[in-house]
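Notes for the one structure printed next.
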Protein chains: 2
Amino acid sequence: MTAREFRRRGKEVVDWIADYYEKVESFPVMSRAKTGQIRASLPEHPPHRGETFGAMLRDVEKLILPGITHWQSPNFFGFFPSNTSFPSILGEMLSSGLGVQGMLWATSPACTELETLVLDWLVEMLDLPQKFLSTSKGGGVIQDTASNSSLCALLAARERATQYASNERGCNGKLVAYTSAQAHSSIEKGAKIAGIGRANLRLIGVDEKFAMRPEALAAQVERDVAAGLIPFFVCATVGTTSSNAMDPLRPIAKICAERRIWLHVDAAMSGTAALCQEFRWIHDALTAADSYCFNPHKWMFTNFDCDCFFVANRTELIQTMSVLPEYLRNKATESGAVLDYRDWHVQLGRRFRSLKLWFVIRHYGVEGLQHHIRRHVQLAQEFASWVQADKDFELAAPVPLNLVCFRHRGGDDINQQILDRLNQSGKMYLTHTRLNDKLVLRMSIGQTNTELHHVEQAWNHIRKAARQLNNS
Amino acid sequence: MTAREFRRRGKEVVDWIADYYEKVESFPVMSRAKTGQIRASLPEHPPHRGETFGAMLRDVEKLILPGITHWQSPNFFGFFPSNTSFPSILGEMLSSGLGVQGMLWATSPACTELETLVLDWLVEMLDLPQKFLSTSKGGGVIQDTASNSSLCALLAARERATQYASNERGCNGKLVAYTSAQAHSSIEKGAKIAGIGRANLRLIGVDEKFAMRPEALAAQVERDVAAGLIPFFVCATVGTTSSNAMDPLRPIAKICAERRIWLHVDAAMSGTAALCQEFRWIHDALTAADSYCFNPHKWMFTNFDCDCFFVANRTELIQTMSVLPEYLRNKATESGAVLDYRDWHVQLGRRFRSLKLWFVIRHYGVEGLQHHIRRHVQLAQEFASWVQADKDFELAAPVPLNLVCFRHRGGDDINQQILDRLNQSGKMYLTHTRLNDKLVLRMSIGQTNTELHHVEQAWNHIRKAARQLNNS
């Protein structure tokens with residue numbers, strides 16, 4: 001494809017994307033594709049000869065779109081938001097076009113330096129501890145997901161606890177990690193990957209708000225120490241996936257400090273709220289954390305993937321992850337004056353992901369981002385008030401920010417039927433969880449283009465579905 | 001930003017990218033940025049108010065470009081290729097625009113089904129073992145990098161060897177892994193991450209071609225078994241990073257089969273060569289492998305990130321990686337009729353990466369891809385013949401495909417000076433390695449737009465630099 005053809009085709013794709021956003025509300029939010037349907041619509045074998053781009057774009061429209069669940073629809077209220085914005089898409093286009101590798105500072109200085117700068121900006125924007133600044137002893141890096149950030153935190157904690165012996169000789173079965181029973185599944189996955197073992201990850205009980213009980217953590221740590229084990233890692237969650245519960249960082253941090261346990265704080269979705277002064281209470285006592293992550297690709301209008309991972313002491317992370325073969329040696333690295341981000345995560349190669357984040361921050365400005373986050377929280381609070389005012393429904397958990405966990409009072413069956421009916425209608429999309437062993441509906445508000453009328457309409461659909469089911 | 005403004009700005013970005021490719025040869029290939037220069041050119045604090053897109057694009061041009069090392073230049077011969085193509089960029093644009101999550105089949109069926117299909121296509125295109133087909137017991141998945149594929153292979157091997165006990169109770173220090181002393185650094189990184197330990201990764205010696213010596217592997221395995229240890233994983237490399245050495249898969253596979261050791265084959269760069277019948281010898285005996293990976297984001301015109309990871313038995317991988325919290329439960333998953341790719345790697349969230357790969361395969365067709373791969377190999381072979389015919393230079397390793405390791409006969413100092421002079425000239429970019437304790441220059445040919453005249457010109461620059469240094 002010549003540059004000339006790319007100009008033409010690229011502009012068609014830009015229009016296709018703009019059209020998509022203009023008509024996204026006309027599609028059923030949840031794909032109605034049957035198992036195997038999309039694959040069956042496509043040729044079983046690769047083409048021997050090249051095809052035209054026109055044919056490819058038509059197939060996207062005709063064959064792929066029916067298999068898409070529209071995460072960017074303003075009527076998408078499932079899981080967590082994975083929102084994006086036009087400036088972010090433009091940043092991603094440039095990143096694809098430049099096609100640079102940022103594994104070392106030397107392989108494209110701008111890729112490293114812009115990332116470091118933008119992550120320092122975020123420390124300021126979220127009022128994170130100063131120790132997370134690259135100009136201090138710490139620093140931030142973009143990872144793909146919070147799963148990988150948590151894994152890196154776990155690994156650095158493991159090495160600090162064993163004085164780098166587990167990197168050298170493997171794990172010894174003595175290390176014990178802690179998180180709440182409501183923490184994200186990636187913590188268990190990380191404990192398995194890192195050779196710690198699921199049985200050595202203690203899932204600490206939660207209180208009535210589904211937040212970690214610090215006294216239960218303290219008691220378990222003491223039991224483990226008494227048994228000759230080594231507590232080395234606590235993951236506290238600021239906004240659990242299931243119900244947006246906030247683990248109390250202050251007492252947890254105190255326990256960690258006493259035993260020199262690495263404290264990692266996973267704020268994947270909710271961290272973005274700290275853009276606004278009034279929500280900064282979620283980070284109370286964060287100054288005690290060894291590491292922290294949040295995902296602009298969830299709630300900060302930046303397309304996936306973009307998780308920001310911060311450490312208080314970058315040397316610990318780098319010592320854990322670094323392997324330096326001859327073919328990557330270079331003068332800049334040896335000078336010690338640069339950061340080589342390959343030593344900050346599992347992967348070696350890396351994309352120029354800070355471009356899109358930089359574009360988002362510059363496009364909205366801090367003020368604009370605050371405006372949208374406040375708007376989402378307000379919409380969720382209004383929705384919660386409607387639930388509370390309705391005799392058939394109840395809240396199933398506190399609503400600190402933008403996630404509303406609620407249920408019909410009629411029991412699990414009707415809640416499941418409401419969920420199925422709404423999702424099959426194509427008019428909106430919700431997902432569920434279980435809290436106190438009851439099925440709970442989750443209304444997650446954070447899509448870029450979700451407005452009051454979408455939330456009102458969703459509430460009408462929910463009530464209507466409940467009424468129809470009650471009458472049937 | 002409205003859809004209307006996105007149409008305008010998006011088209012500007014498309015033109016910017018097209019312009020970039022049209023003038024890429026006018027930039028110094030290696031960025032001349034000094035440490036800290038890019039950061040110092042940017043505001044230290046985030047903007048409070050939003051800025052115009054025009055300002056952002058101007059800054060990319062003026063402030064970011066000087067910090068770019070141009071991986072997409074046809075004069076880039078460093079490291080390995082990380083090539084891309086216009087159809088791939090267009091696929092990535094659509095993927096950004098759609099902004100879907102493919103963690104579960106249910107979260108966007110097309111994202112999973114297209115990926116499965118395209119990876120099945122690749123089994124056919126590269127003539128990989130049938131067991132890697134999703135329609136068999138195995139299957140393929142897109143990962144970010146070969147580092148993560150190798151880690152997943154190591155983890156699945158670890159669990160198979162311990163009957164899932166290490167996932168449960170952590171590692172026991174008895175497991176031993178093997179790879180060659182020339183294998184990629186990610187294997188050592190993976191052994192550390194997975195709790196195996198660097199000391200339990202045996203770096204097997206290599207022959208005069210820098211390929212693993214199978215008799216050394218066999219002897220080490222026997223020593224370890226005799227010592228009560230458990231050999232569980234071998235990573236063989238098809239095309240090492242340093243010199244493109246090919247580990248002999250057939251005798252290695254025989255050793256693995258005897259001891260039921262997991263055999264992973266890392267063909268990150270070179271795997272693409274198997275598109276062409278005449279290079280399929282690189283995969284001799286691959287039918288014995290438990291897992292395999294190669295990176296379309298290196299040599300197959302697909303922009304980063306896109307590594308394809310195949311397993312012979314997907315159940316082993318899924319059992320290793322799966323954690324199923326309530327909020328991810330859904331009917332499709334429980335039916336067992338679908339693949340949920342979140343269980344195939346570390347991360348949970350995932351982008352719609354198969355779109356770009358599908359576009360590349362359809363745009364070029366198998367024939368077109370073969371044409372370009374043959375062309376790159378031929379250019380490298382010609383370059384190698386020029387080196388051999390020159391009395392001042394020598395080849396430092398065999399040249400099976402598209403990487404030429406060579407050196408000036410005058411010793412390490414002059415080779416280092418040649419390298420520095422060429423890279424500082426901005427006219428081309430080369431990197432180095434060490435082989436037999438000598439500094440070696442690496443001429444890696446695989447950029448999408450590299451033609452004969454670029455390679456001829458590079459050789460002229462190299463000889464000229466050598467002559468000038470000899471005369472000074």
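Residues in the structure tokens are named by chain (A, B, ... in the order shown) and by number from 1 within that chain; ligands are numbered from 1 in the order shown.
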
Per-residue DSSP, region 133-285 of chain B, filtered to alpha helix (DSSP H), as JSON, numbers by chain: {"B": [146, 147, 148, 149, 150, 151, 152, 153, 154, 155, 156, 157, 158, 159, 160, 161, 162, 165, 166, 167, 168, 169, 185, 186, 187, 188, 189, 190, 191, 192, 193, 214, 215, 216, 217, 218, 219, 220, 221, 222, 223, 224, 225, 226, 249, 250, 251, 252, 253, 254, 255, 256, 257, 258, 259]}

Go ahead and write the selection's residues with C-alpha atoms as a PDB file, in the first residue's frame.
```pdb
ATOM      1  CA  ALA B 146       7.510 -13.493  23.288  1.00  0.00           C
ATOM      2  CA  SER B 147       8.656 -12.740  26.865  1.00  0.00           C
ATOM      3  CA  ASN B 148       5.123 -13.331  28.060  1.00  0.00           C
ATOM      4  CA  SER B 149       4.600 -16.359  25.817  1.00  0.00           C
ATOM      5  CA  SER B 150       7.725 -17.973  27.184  1.00  0.00           C
ATOM      6  CA  LEU B 151       6.581 -17.169  30.721  1.00  0.00           C
ATOM      7  CA  CYS B 152       3.203 -18.798  30.086  1.00  0.00           C
ATOM      8  CA  ALA B 153       4.880 -21.856  28.597  1.00  0.00           C
ATOM      9  CA  LEU B 154       7.145 -22.077  31.639  1.00  0.00           C
ATOM     10  CA  LEU B 155       4.173 -21.795  33.990  1.00  0.00           C
ATOM     11  CA  ALA B 156       2.115 -24.436  32.201  1.00  0.00           C
ATOM     12  CA  ALA B 157       5.164 -26.705  32.212  1.00  0.00           C
ATOM     13  CA  ARG B 158       5.678 -26.052  35.924  1.00  0.00           C
ATOM     14  CA  GLU B 159       2.097 -26.992  36.695  1.00  0.00           C
ATOM     15  CA  ARG B 160       2.154 -30.105  34.525  1.00  0.00           C
ATOM     16  CA  ALA B 161       5.346 -31.246  36.236  1.00  0.00           C
ATOM     17  CA  THR B 162       3.988 -30.695  39.740  1.00  0.00           C
ATOM     18  CA  ALA B 165       0.873 -28.334  43.190  1.00  0.00           C
ATOM     19  CA  SER B 166       3.071 -25.274  42.625  1.00  0.00           C
ATOM     20  CA  ASN B 167       0.015 -23.176  41.795  1.00  0.00           C
ATOM     21  CA  GLU B 168      -1.389 -24.318  45.093  1.00  0.00           C
ATOM     22  CA  ARG B 169       1.585 -24.405  47.427  1.00  0.00           C
ATOM     23  CA  SER B 185      17.132 -12.891  28.188  1.00  0.00           C
ATOM     24  CA  SER B 186      13.377 -13.345  28.685  1.00  0.00           C
ATOM     25  CA  ILE B 187      13.914 -17.018  29.525  1.00  0.00           C
ATOM     26  CA  GLU B 188      16.059 -16.080  32.506  1.00  0.00           C
ATOM     27  CA  LYS B 189      13.553 -13.367  33.429  1.00  0.00           C
ATOM     28  CA  GLY B 190      10.739 -15.913  33.217  1.00  0.00           C
ATOM     29  CA  ALA B 191      12.570 -18.412  35.416  1.00  0.00           C
ATOM     30  CA  LYS B 192      12.944 -15.700  38.052  1.00  0.00           C
ATOM     31  CA  ILE B 193       9.338 -14.553  37.798  1.00  0.00           C
ATOM     32  CA  PRO B 214      21.965 -31.579  22.424  1.00  0.00           C
ATOM     33  CA  GLU B 215      24.512 -33.945  23.946  1.00  0.00           C
ATOM     34  CA  ALA B 216      25.307 -31.275  26.554  1.00  0.00           C
ATOM     35  CA  LEU B 217      21.591 -30.948  27.255  1.00  0.00           C
ATOM     36  CA  ALA B 218      21.219 -34.726  27.632  1.00  0.00           C
ATOM     37  CA  ALA B 219      24.203 -34.921  29.983  1.00  0.00           C
ATOM     38  CA  GLN B 220      22.917 -32.063  32.140  1.00  0.00           C
ATOM     39  CA  VAL B 221      19.439 -33.585  32.359  1.00  0.00           C
ATOM     40  CA  GLU B 222      20.966 -36.873  33.517  1.00  0.00           C
ATOM     41  CA  ARG B 223      23.109 -35.113  36.120  1.00  0.00           C
ATOM     42  CA  ASP B 224      20.071 -33.269  37.440  1.00  0.00           C
ATOM     43  CA  VAL B 225      17.941 -36.405  37.602  1.00  0.00           C
ATOM     44  CA  ALA B 226      20.755 -38.172  39.433  1.00  0.00           C
ATOM     45  CA  LEU B 249      14.921 -29.332  17.469  1.00  0.00           C
ATOM     46  CA  ARG B 250      15.017 -33.019  16.542  1.00  0.00           C
ATOM     47  CA  PRO B 251      17.590 -34.285  19.066  1.00  0.00           C
ATOM     48  CA  ILE B 252      16.334 -31.799  21.688  1.00  0.00           C
ATOM     49  CA  ALA B 253      12.772 -33.079  21.228  1.00  0.00           C
ATOM     50  CA  LYS B 254      13.995 -36.653  21.678  1.00  0.00           C
ATOM     51  CA  ILE B 255      15.557 -35.792  25.033  1.00  0.00           C
ATOM     52  CA  CYS B 256      12.381 -34.006  26.117  1.00  0.00           C
ATOM     53  CA  ALA B 257      10.169 -36.924  25.088  1.00  0.00           C
ATOM     54  CA  GLU B 258      12.241 -39.402  27.083  1.00  0.00           C
ATOM     55  CA  ARG B 259      11.852 -37.421  30.289  1.00  0.00           C
TER      56      ARG B 259
END
```

Arg202 (chain A) surroundings by only C-alpha atoms, 7 Å radius, close-in-sequence under 6 positions cut, as a ChimeraX atom specification: /A:177-179

Same residues, N, CA and C atoms, saved as a PDB file, in the first residue's frame:
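The new file again.pdb reads:
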```pdb
ATOM      1  N   ALA A 177       1.395 -14.001  51.422  1.00  0.00           N
ATOM      2  CA  ALA A 177       0.820 -12.747  50.915  1.00  0.00           C
ATOM      3  C   ALA A 177      -0.616 -12.617  51.417  1.00  0.00           C
ATOM      4  N   TYR A 178      -1.128 -11.378  51.382  1.00  0.00           N
ATOM      5  CA  TYR A 178      -2.445 -11.088  51.952  1.00  0.00           C
ATOM      6  C   TYR A 178      -3.208 -10.146  51.040  1.00  0.00           C
ATOM      7  N   THR A 179      -4.467 -10.426  50.911  1.00  0.00           N
ATOM      8  CA  THR A 179      -5.362  -9.470  50.263  1.00  0.00           C
ATOM      9  C   THR A 179      -6.757  -9.767  50.787  1.00  0.00           C
TER      10      THR A 179
END
```

Could you list, with a cut-off of 12 Å and counting only C-alpha atoms, the residues of region 379-442 of chain A near region 289-304 of chain A, each shown with its nearest atom pair and the distance in Å rounded to one decimal, rows sorted by chain and ascending number, as CSV?
```
residue,atom,partner,partner_atom,distance
A:Leu401,CA,A:Trp299,CA,11.7
A:Asn402,CA,A:Trp299,CA,10.0
A:Leu403,CA,A:Trp299,CA,11.7
```

With N, CA and C atoms retained, export the selected residues as a CSV table (one decimal), in the first residue's frame.
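Printed below is out21.csv as written:
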```csv
chain,number,residue,atom,x,y,z
A,401,LEU,N,-18.6,5.9,44.9
A,401,LEU,CA,-18.2,6.7,43.7
A,401,LEU,C,-19.2,6.4,42.6
A,402,ASN,N,-18.8,5.7,41.6
A,402,ASN,CA,-19.6,5.6,40.3
A,402,ASN,C,-20.2,4.2,40.1
A,403,LEU,N,-20.1,3.3,41.1
A,403,LEU,CA,-20.7,2.0,40.9
A,403,LEU,C,-21.8,1.8,41.8
```

Neighbour list for Met443 (chain A) as a PyMOL selection string, cut-off 7 Å, only C-alpha atoms, skip fewer than 4 positions in-chain: chain A and resi 77-78+403-405+430

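Within 9 Å of Gly426 (chain B), once only C-alpha atoms are used and residues closer than 6 positions along the same chain are dropped, the contacting residues are Phe27, Pro28, Val29, Met30, Ser31 and Arg32 of chain B.
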
Minimum-distance residue to chain A, chosen among B:Val176, B:Ala312, B:Leu348, B:Ile204 (using only C-alpha atoms):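 Result for the nearest residue to chain A: B:Leu348.
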
CA of Gly91 (chain A) to CA of Lys34 (chain B), straight-line distance in Å: 24.3 Å

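Going from CA of Trp71 (chain A) over to CA of Gly239 (chain A), you cover 20.5 Å.
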
B:Leu328, B:Ile462, B:Ala380, B:Ala396 ranked by distance to Gln447 (chain B), top pick (using only C-alpha atoms):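 Of all the options, B:Ala380 lies closest to Gln447 (chain B).
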